[in-house]
Every structure is written in structure tokens, then in C-alpha cells.
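Just data_9.tsv here, TSV, C-alpha atoms:
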chain	number	residue	atom	x	y	z
A	1	MET	CA	43.77	47.35	-13.12
A	2	MET	CA	45.75	44.15	-13.27
A	3	ALA	CA	44.26	42.99	-9.95
A	4	TRP	CA	40.74	43.49	-11.31
A	5	ALA	CA	41.52	41.48	-14.42
A	6	LEU	CA	42.95	38.65	-12.30
A	7	ALA	CA	39.91	38.75	-9.98
A	8	ILE	CA	37.51	38.61	-12.94
A	9	LEU	CA	39.45	35.73	-14.54
A	10	PHE	CA	39.59	33.90	-11.20
A	11	GLY	CA	35.83	34.38	-10.68
A	12	ALA	CA	35.10	33.12	-14.20
A	13	ALA	CA	37.32	30.10	-13.59
A	14	VAL	CA	35.46	29.25	-10.37
A	15	ILE	CA	32.07	29.58	-12.11
A	16	LEU	CA	33.21	27.39	-15.01
A	17	PHE	CA	34.66	24.86	-12.55
A	18	ILE	CA	31.32	24.62	-10.69
A	19	LEU	CA	29.40	24.36	-13.97
A	20	SER	CA	31.66	21.52	-15.11
A	21	PHE	CA	30.66	19.48	-12.03
A	22	ILE	CA	26.97	20.20	-12.54
A	23	LYS	CA	27.26	19.31	-16.22
A	24	THR	CA	29.06	16.00	-15.60
A	25	ASP	CA	26.77	14.97	-12.72
A	26	SER	CA	23.61	15.50	-14.74
A	27	PRO	CA	23.94	12.27	-16.81
A	28	LYS	CA	24.81	10.37	-13.64
A	29	VAL	CA	21.69	11.67	-11.93
A	30	GLU	CA	19.57	10.81	-14.95
A	31	ASP	CA	21.03	7.28	-15.05
A	32	HIS	CA	20.40	6.88	-11.34
A	33	LEU	CA	16.79	8.05	-11.69
A	34	GLU	CA	16.27	5.70	-14.61
A	35	LYS	CA	17.59	2.75	-12.60
A	36	ILE	CA	15.34	3.66	-9.68
A	37	SER	CA	12.28	3.91	-11.92
A	38	LEU	CA	13.07	0.53	-13.53
A	39	THR	CA	13.51	-1.07	-10.12
A	40	PHE	CA	10.27	0.48	-8.92
A	41	GLY	CA	8.44	-0.80	-12.01
A	42	GLU	CA	9.78	-4.30	-11.49
A	43	GLU	CA	8.69	-4.28	-7.85
A	44	VAL	CA	5.19	-3.12	-8.83
A	45	ASN	CA	4.97	-5.94	-11.38
A	46	GLN	CA	6.07	-8.47	-8.76
A	47	LEU	CA	3.46	-7.20	-6.32
A	48	GLN	CA	0.74	-7.37	-8.97
A	49	GLU	CA	1.74	-10.96	-9.74
A	50	LYS	CA	1.61	-11.88	-6.04
A	51	ILE	CA	-1.82	-10.27	-5.72
A	52	ARG	CA	-3.09	-12.25	-8.72
A	53	THR	CA	-1.69	-15.44	-7.21
A	54	LEU	CA	-3.36	-14.73	-3.86
A	55	GLU	CA	-6.69	-14.03	-5.56
A	56	ILE	CA	-6.51	-17.30	-7.48
A	57	ASP	CA	-5.48	-19.21	-4.35
A	58	ALA	CA	-8.43	-17.68	-2.47
A	59	GLU	CA	-10.81	-18.76	-5.22
A	60	ILE	CA	-9.37	-22.29	-5.19
A	61	THR	CA	-9.62	-22.49	-1.40
A	62	ALA	CA	-13.21	-21.21	-1.44
A	63	GLN	CA	-14.13	-23.72	-4.14
A	64	GLU	CA	-12.46	-26.62	-2.31
A	65	ALA	CA	-14.13	-25.63	0.95
A	66	GLY	CA	-17.50	-25.61	-0.80
A	67	ILE	CA	-18.18	-21.98	-0.04
A	68	MET	CA	-20.74	-20.51	-2.34
A	69	ALA	CA	-19.47	-17.44	-4.13
A	70	ALA	CA	-21.20	-14.37	-2.80
A	71	SER	CA	-22.36	-11.76	-5.22
A	72	SER	CA	-19.92	-8.94	-5.77
A	73	GLU	CA	-22.26	-6.50	-4.00
A	74	GLN	CA	-22.42	-8.71	-0.90
A	75	ARG	CA	-18.68	-9.13	-0.96
A	76	ILE	CA	-18.09	-5.37	-1.21
A	77	LEU	CA	-20.49	-4.80	1.69
A	78	LEU	CA	-18.73	-7.48	3.77
A	79	ARG	CA	-15.31	-5.94	3.05
A	80	GLU	CA	-16.55	-2.51	4.05
A	81	VAL	CA	-18.18	-3.82	7.24
A	82	LEU	CA	-15.10	-5.82	8.26
A	83	ASP	CA	-12.80	-2.89	7.50
A	84	LEU	CA	-14.87	-0.54	9.63
A	85	HIS	CA	-15.08	-3.12	12.42
A	86	LYS	CA	-11.31	-3.65	12.44
A	87	ARG	CA	-10.80	0.11	12.62
A	88	GLY	CA	-12.86	0.17	15.83
A	89	TYR	CA	-16.24	1.43	14.66
A	90	SER	CA	-19.26	0.33	16.71
A	91	VAL	CA	-21.93	-1.89	15.19
A	92	GLU	CA	-24.36	1.04	15.27
A	93	SER	CA	-22.01	3.39	13.42
A	94	ILE	CA	-21.22	0.69	10.84
A	95	ALA	CA	-24.96	0.22	10.31
A	96	MET	CA	-25.42	3.96	9.80
A	97	LYS	CA	-22.49	4.20	7.34
A	98	THR	CA	-23.59	1.20	5.29
A	99	GLY	CA	-27.34	1.73	5.47
A	100	GLN	CA	-27.91	-1.71	7.01
A	101	ASN	CA	-29.62	-2.58	10.30
A	102	THR	CA	-27.56	-3.59	13.34
A	103	ASN	CA	-28.77	-7.23	13.23
A	104	GLU	CA	-27.46	-7.57	9.67
A	105	ILE	CA	-24.08	-6.05	10.66
A	106	GLU	CA	-23.79	-8.42	13.62
A	107	ARG	CA	-24.68	-11.36	11.37
A	108	LEU	CA	-22.01	-10.32	8.84
A	109	ILE	CA	-19.16	-9.90	11.32
A	110	ALA	CA	-20.06	-12.85	13.60
A	111	PRO	CA	-17.99	-15.47	11.71
A	112	TYR	CA	-14.93	-13.19	11.75
A	113	VAL	CA	-15.02	-12.10	15.39
A	114	LYS	CA	-13.83	-14.16	18.35
A	115	THR	CA	-14.55	-12.82	21.77
A	116	LYS	CA	-11.75	-12.39	24.25
A	117	GLN	CA	-13.54	-14.74	26.65
A	118	GLU	CA	-13.43	-17.58	24.10
A	119	ARG	CA	-9.70	-17.10	23.57
A	120	GLY	CA	-9.00	-16.91	27.31
A	121	SER	CA	-11.00	-20.00	28.20
A	122	VAL	CA	-9.24	-22.10	25.57
A	123	ALA	CA	-5.85	-20.91	26.77
A	124	ASN	CA	-6.75	-21.59	30.42
A	125	ASP	CA	-8.09	-25.08	29.70
A	126	ILE	CA	-4.79	-26.29	28.28
Encoded form (C-alpha cells):
Amino acid sequence: MMAWALAILFGAAVILFILSFIKTDSPKVEDHLEKISLTFGEEVNQLQEKIRTLEIDAEITAQEAGIMAASSEQRILLREVLDLHKRGYSVESIAMKTGQNTNEIERLIAPYVKTKQERGSVANDI
């Protein structure tokens, strides 16, 4: 009888001991999560500021270079075409995805594509 009482009291003590650690760690965990979320928010704000700066710099550069601003629809199409091209899509598949003809796709990507032969000949001429 006495052994059972001691076992029950010992078990209760162990459970209360474990609960005391869980209870005291909870505010620490909450504080840690709060710090992480604040840090994450600050980093997102910094990235947004850098993006805004890059967009403004791009506009300034385009204006100084005398590039006419393309309409937003043309710009979206060009972004999509260049993205697909950089991911390895063929001109024909890009034309199918965008609803344009292959000549138009080639015209759009021509200023942004350098052939390997051009690069090699310049390097070999030096």
C-alpha cells in the first residue's frame, strides 16, 4: 500500500516536473517566433525597397538611353517570351503558347540573344 502511494506521488511529481518545463518554455518560444516574424518582415520591406529602386533605375536608364517606353501589353509579352526562351523552349513552342507567329518571336528575342559563334569569334580574335 505504501509502495503504491509512493509510486503515485513519484509519477505525479515527474508529470508536474515535465509540465513545468513546457510551461516555462512556452513564452520563450513565443518570443522567439515573434523575433523571427519581425526579422522576416524587415527583410521583406528591404527587398521591396530594393525592387522599387531597381525599377526606378531601369526607368531612368531607359529614359537616358532614349528608349521609347513600350506599352504594358508589349512589355508583358516580351517578358513572357524571354522567360520561355531562357527556360529552353523552342521558337515554335513559344509562338504556340503566346499566340504569335514565329517571325514575331524571333524579332522579339533577337536583341537579347547572342549566338555562341559570335562569342567564340570575339574571344578567338583577341
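The space separating atom CA of A:Phe10 from atom CA of A:Lys28 comes to 27.9 Å.
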> By how many Å are atom CA of A:Gly88 and atom CA of A:Glu73 apart?
Replying inline: 22.9 Å
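For the pair atom CA of A:Gln74 and atom CA of A:Thr53, the separation is 22.7 Å.
Of the residues listed (A:Ala58, A:Ala95, A:Leu33, A:Leu108), A:Leu108 shows the shortest atom-to-atom separation from A:Arg75; distances use only C-alpha atoms.
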